[in-house]
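Below: one structure, written as structure tokens.
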Amino acid sequence: MPNTVEGTLSEKADRPEIPDAAIAMLDADGTVVGWTDTAQRLVGYAAGEVVGRSVSVVLPFAQNALRSGEFTEQCRARGGWSGVTAVRHRDGHTHHVSLRISQLWGQGGAVRWLVCGTDIAVLSSVASTGSVRESLLTRTPIGIIVRDRELRSMWVNDATELLDGVPCDRRLGRRPTDVLPRVEAEALEVVMRQVLDSGLPAVHEYRAWPPAEMRRERVVATSLFCLQDADGQALGVCAISVDVTGSQRARERLAILSEAGTRIGSTLDVMQTSQELADLAVPLLADYATVDLADSVRLGEEPARIGPAGGRRHVLRRAGLASIRPGAPESPWARGEPVLVQRPSPWAGALSSGRSYLEPVLDAGPGTWLDQDPTRARTLHEHGMHSGMIVPIRARRAVLGVASFVRTEEAVPFQEDDLLLAEELVTRAALALDNARQYAREHTAALALQRTLLPGRLRDSAAVETAACYLPADADTGVGGDWFDVIPLSSARVGLVVGDVVGHGINAAATMGSLRTAVRTLAAMDLPPDELLTHLDDVVQRLTEDADDHGPLPAVGATCLYAVYDPVTRRCTMARAGHPPPAIIDPRGKVTLPDLPAGAPLGVGLVPFQAVELELPPGTRLAFYTDGLIETRDADIDAGIRQLSASLAQPSRSLEHLCSSVIETLPAQSPRDDVTLLLARTRALSPGQTATWDLPSDPAVVHTARTLVTRQLATWGLARMAPSTELIVSELLTNAVRHATGPIRLRLIQHQVLTCEVSDASDCLPHRRQTRDLDESGRGLSIVARLCRRQGCRSTTGGGKTVWAEQELRRDA
């Protein structure tokens with residue numbers, strides 16, 4: 001243990017405690033005969049208001065109880081009565097206190113009662129050390145002496161003799177100097193007179209030598225209170241004494257618990273928390289300590305419930321390890337390695353029962369559990385392990401693992417009070433571990449949600465080369481409301497989208513997932529960007545209405561930018577809904593922002609969206625981003641856009657390196673909002689990859705088209721695809737001739753797939769329908785669907801439609 005920590009513990013252990021108990025003395029009938037300032041602070045009554053009156057003024061139950069012979073006998077047998085009860089404050093309200101009533105004896109067998117009360121709120125403030133305090137108080141006798149102004153003993157209880165060996169009859173009527181060693185007694189009398197003169201309580205420690213234990217001195221701590229009469233004058237002094245022999249060690253343990261509050265659970269990492277527990281235990285409690293956890297805890301899963309394991313063997317993971325020896329040679333397993341728990345063994349018993357195990361003197365003889373665990377048996381003998389404790393790590397009736405404490409160099413074996421301290425330390429660690437486990441589970445769920453909501457690896461297409469990066473503002477969960485997508489469209493085109501949902505975290509991510517799915521669905525319908533945003537605006541309005549129906553959820557709001565790029569025409573059509581404009585970087589590195597109407601954020605409604613069409617040369621880079629990239633706490637949006645433009649003006653950088661370069665320009669602190677950047681470099685199909693024919697609306701043109709298609713496929717080396725392509729073209733042209741008017745255009749596009757397109761001037765979009773056995777028409781699109789990978793139709797600019805079908809390429813050998 002570092003010296004700084006030991007010094008801190010020593011300072012805490014030596015710090016004196018100021019008495020805060022409220023003291024009152026009663027006669028045999030329950031009348032108040034002595035009062036203290038601490039009692040006045042607790043219940044509001046001054047001495048003149050209660051002395052001479054029944055104690056029922058403040059303790060409604062007490063007077064009848066004290067007159068009860070049965071209650072008196074119970075108090076005498078138990079040395080008093082203690083419990084929690086209600087007291088009546090002077091202002092009329094009642095509150096609960098921890099109360100202790102002790103019976104005192106005087107000359108001639110006269111009886112008095114001493115009432116000692118402590119506010120529950122005060123006890124709650126030291127709840128962290130409650131188990132150790134309770135253990136000490138219940139095992140240690142409390143001696144009480146009430147002395148007059150001349151410091152003569154007037155009233156004593158039976159437990160006083162157990163502390164210093166002086167019988168009650170010898171003590172009554174005498175001062176401390178008459179019955180205690182002179183040096184100790186004189187120092188005690190000085191403190192008593194100070195209490196009488198000032199009226200303030202004090203604590204004093206002195207040594208005593210009970211006759212039965214003359215070879216061993218005891219240290220007695222005495223809390224001193226000034227008792228007042230009805231006039232508020234000092235009546236005498238009340239001394240409440242307890243044996244604190246070895247209290248230095250007990251106070252050090254309380255200091256250890258205090259230290260545990262700051263050192264255990266500093267992170268939400270189960271391995272780190274386990275190591276913190278082991279580091280705290282060595283060397284303050286043990287010479288060697290280990291913490292082993294179930295793998296389910298480390299992974300954030302639900303731990304096993306307490307119960308017998310049957311014939312199963314437990315497999316844990318070593319998460320914490322500490323020793324007074326460098327390198328912890330006592331441990332056969334390093335941190336992170338699996339630990340097999342043999343049955344039967346104390347570890348298996350603790351895991352199955354959920355109860356701690358204490359073996360003050362380890363039995364390593366034949367016939368013990370060590371016969372079944374040769375690894376631990378060898379370690380025990382090699383390193384002189386002679387005393388051990390095993391404490392299960394429990395949280396919410398589940399066992400997370402087990403902590404082990406062993407002594408090797410320290411000759412004193414573990415005792416019950418050591419086990420109490422170990423259990424308290426493990427309990428604190430268990431709370432931190434359970435919090436860390438739940439965090440790990442939520443973090444895993446959040447990351448899984450993110451993986452499903454955002455695209456995985458972006459795939460390049462014939463239209464664009466892409467790269468993207470996403471930096472959430474919520475670094476703990478890693479999810480937010482930003483999204484981006486690259487959507488393959490028909491005829492080698494591609495849809496590029498970036499959006500931003502208000503807020504961040506799980507709720508924003510869930511909304512983002514809904515909108516991303518909606519965009520993909522609408523994009524599959526080949527809607528132009530402005531129409532797609534109109535439909536997406538309706539979706540957001542419905543989500544807002546659903547949120548209102550489910551109570552006070554955050555308002556749903558979002559912005560979006562959607563663009564469609566065609567590598568055949570090299571034209572890009574885009575529209576935005578309240579989103580920052582894209583940046584366009586030409587092949588020479590010049591950055592421009594297109595004059596694109598801003599539009600209203602999604603969910604506003606009633607505001608039409610406008611699309612803009614641009615012609616882009618091959619190699620043009622498009623940058624789509626969210627406002628988290630250009631908004632900072634210290635600069636406005638215009639400054640952010642200028643900085644972004646400067647970062648993007650690097651034509652020689654790859655898209656991945658450009659993404660990293662832009663993110664590196666962000667401030668060092670965590671972003672205020674999620675940051676998303678999607679980069680796309682445009683490509684163009686060569687003229688040789690397309691073939692276009694303008695055909696008349698005549699049934700005879702179907703045969704001509706089949707011939708043209710067959711020749712073109714042979715030129716491309718795709719003759720093997722001629723039969724299926726001829727049939728697809730025949731069905732599409734037949735429908736166009738039958739249902740449309742005006743000229744017809746047939747186009748083949750060879751890219752990752754082979755696309756067949758038939759365009760006409762009709763606005764009536766065809767659709768597949770379920771045909772019956774006797775139907776003579778309506779089967780064309782169904783036949784096409786069997787021959788291709790995908791098919792669909794879309795409206796064209798200026799009116800008309802295009803029906804298309806895609807086939808996987810099957811080149812000639």
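Here, A, B, ... name the chains of the structure tokens in the order displayed, residue numbers run from 1 inside each chain, and ligands are numbered from 1 in the same displayed order.
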Checklist entry - Hey, what's within 6 Å of Gly603 (chain A) if we count only C-alpha atoms and toss same-chain stuff fewer than 5 positions away? As an MDAnalysis selection string, please? => result chainID A and resid 537 540:541
Suppose we keep C-alpha atoms; can you now write the selection as a JSON list (two decimals), in the first residue's frame?
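File written: result.json
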[["chain", "number", "residue", "atom", "x", "y", "z"],
["A", 537, "ASP", "CA", -42.16, 14.71, -44.14],
["A", 540, "VAL", "CA", -42.15, 12.39, -39.44],
["A", 541, "GLN", "CA", -45.55, 13.96, -38.80]]
Item to check | Contacts of Ala22 (chain A) within 6 Å, only C-alpha atoms, excl. fewer than 6 positions in-chain, as an NGL selection string | outcome: :A and (38-39 or 116-117)
Write out as a tab-separated table (two decimals) with N, CA, C and O atoms, in the first residue's frame each polymer residue whose atoms come within 12 Å of Ala740 (chain A), counting only C-alpha atoms; drop sequence neighbours fewer than 6 positions from it.
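Result written to result-v8.tsv:
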chain	number	residue	atom	x	y	z
A	696	PRO	N	-40.40	3.00	-83.12
A	696	PRO	CA	-41.80	3.41	-83.29
A	696	PRO	C	-42.73	2.53	-82.46
A	696	PRO	O	-42.38	1.42	-82.07
A	697	SER	N	-43.92	3.07	-82.21
A	697	SER	CA	-44.92	2.30	-81.46
A	697	SER	C	-45.67	1.39	-82.41
A	697	SER	O	-46.79	1.66	-82.84
A	698	ASP	N	-45.04	0.27	-82.78
A	698	ASP	CA	-45.56	-0.66	-83.77
A	698	ASP	C	-45.26	-2.07	-83.28
A	698	ASP	O	-44.12	-2.36	-82.89
A	699	PRO	N	-46.25	-2.98	-83.34
A	699	PRO	CA	-45.99	-4.35	-82.87
A	699	PRO	C	-44.83	-5.00	-83.60
A	699	PRO	O	-44.13	-5.85	-83.02
A	732	LEU	N	-41.44	-6.24	-72.32
A	732	LEU	CA	-41.52	-4.82	-71.99
A	732	LEU	C	-41.98	-4.00	-73.19
A	732	LEU	O	-42.79	-3.07	-73.05
A	733	LEU	N	-41.46	-4.32	-74.38
A	733	LEU	CA	-41.87	-3.58	-75.57
A	733	LEU	C	-43.32	-3.85	-75.92
A	733	LEU	O	-44.06	-2.95	-76.35
A	734	THR	N	-43.77	-5.07	-75.77
A	734	THR	CA	-45.16	-5.40	-76.07
A	734	THR	C	-46.10	-4.59	-75.19
A	734	THR	O	-47.12	-4.06	-75.66
A	758	VAL	N	-37.17	0.26	-70.99
A	758	VAL	CA	-38.10	0.65	-72.04
A	758	VAL	C	-38.85	1.87	-71.53
A	758	VAL	O	-39.53	1.80	-70.50
A	759	SER	N	-38.71	3.00	-72.26
A	759	SER	CA	-39.35	4.25	-71.85
A	759	SER	C	-40.38	4.66	-72.88
A	759	SER	O	-40.20	4.44	-74.10
A	760	ASP	N	-41.49	5.24	-72.37
A	760	ASP	CA	-42.52	5.75	-73.27
A	760	ASP	C	-43.12	7.01	-72.66
A	760	ASP	O	-42.73	7.44	-71.56
A	761	ALA	N	-44.09	7.59	-73.36
A	761	ALA	CA	-44.66	8.87	-72.94
A	761	ALA	C	-45.84	8.73	-72.01
A	761	ALA	O	-46.43	9.73	-71.59
A	762	SER	N	-46.24	7.51	-71.68
A	762	SER	CA	-47.41	7.30	-70.83
A	762	SER	C	-47.05	7.50	-69.35
A	762	SER	O	-45.98	7.09	-68.91
A	763	ASP	N	-47.99	8.13	-68.62
A	763	ASP	CA	-47.79	8.32	-67.18
A	763	ASP	C	-48.34	7.16	-66.35
A	763	ASP	O	-48.22	7.14	-65.14
A	764	CYS	N	-49.00	6.22	-67.02
A	764	CYS	CA	-49.62	5.10	-66.31
A	764	CYS	C	-48.54	4.07	-65.98
A	764	CYS	O	-47.95	3.46	-66.88
A	765	LEU	N	-48.26	3.89	-64.68
A	765	LEU	CA	-47.21	2.96	-64.25
A	765	LEU	C	-47.77	1.56	-64.18
A	765	LEU	O	-48.81	1.32	-63.54
A	766	PRO	N	-47.13	0.60	-64.83
A	766	PRO	CA	-47.63	-0.78	-64.77
A	766	PRO	C	-47.38	-1.41	-63.41
A	766	PRO	O	-46.51	-0.96	-62.65
A	800	GLY	N	-44.00	10.81	-68.63
A	800	GLY	CA	-43.65	9.50	-69.12
A	800	GLY	C	-43.11	8.61	-68.02
A	800	GLY	O	-43.04	9.00	-66.84
A	801	LYS	N	-42.71	7.41	-68.44
A	801	LYS	CA	-42.22	6.44	-67.46
A	801	LYS	C	-41.14	5.60	-68.09
A	801	LYS	O	-40.96	5.55	-69.32
A	802	THR	N	-40.41	4.90	-67.24
A	802	THR	CA	-39.38	3.95	-67.65
A	802	THR	C	-39.60	2.66	-66.87
A	802	THR	O	-39.65	2.68	-65.63
Checklist entry - Excluding same-chain residues fewer than 6 positions from Val412 (chain A), what lies within 12 Å of it counting only C-alpha atoms, as number ranges by chain? => result A: 285-287, 360-361, 385-388, 406, 418
Next on the checklist: To test your reading of the structure, identify every residue in region 545-792 of chain A that backbone DSSP assigns to helix (DSSP H, G or I), and report it as an NGL selection string.
Outcome noted: :A and (545-549 or 627-629 or 637-648 or 655-664 or 687-689 or 701-715 or 719-739 or 780-787)
Checklist entry - Counting only C-alpha atoms, which of A:Thr160, A:Gly578, A:Cys469, A:Ala508 gets nearest to Leu533 (chain A)? => result A:Gly578
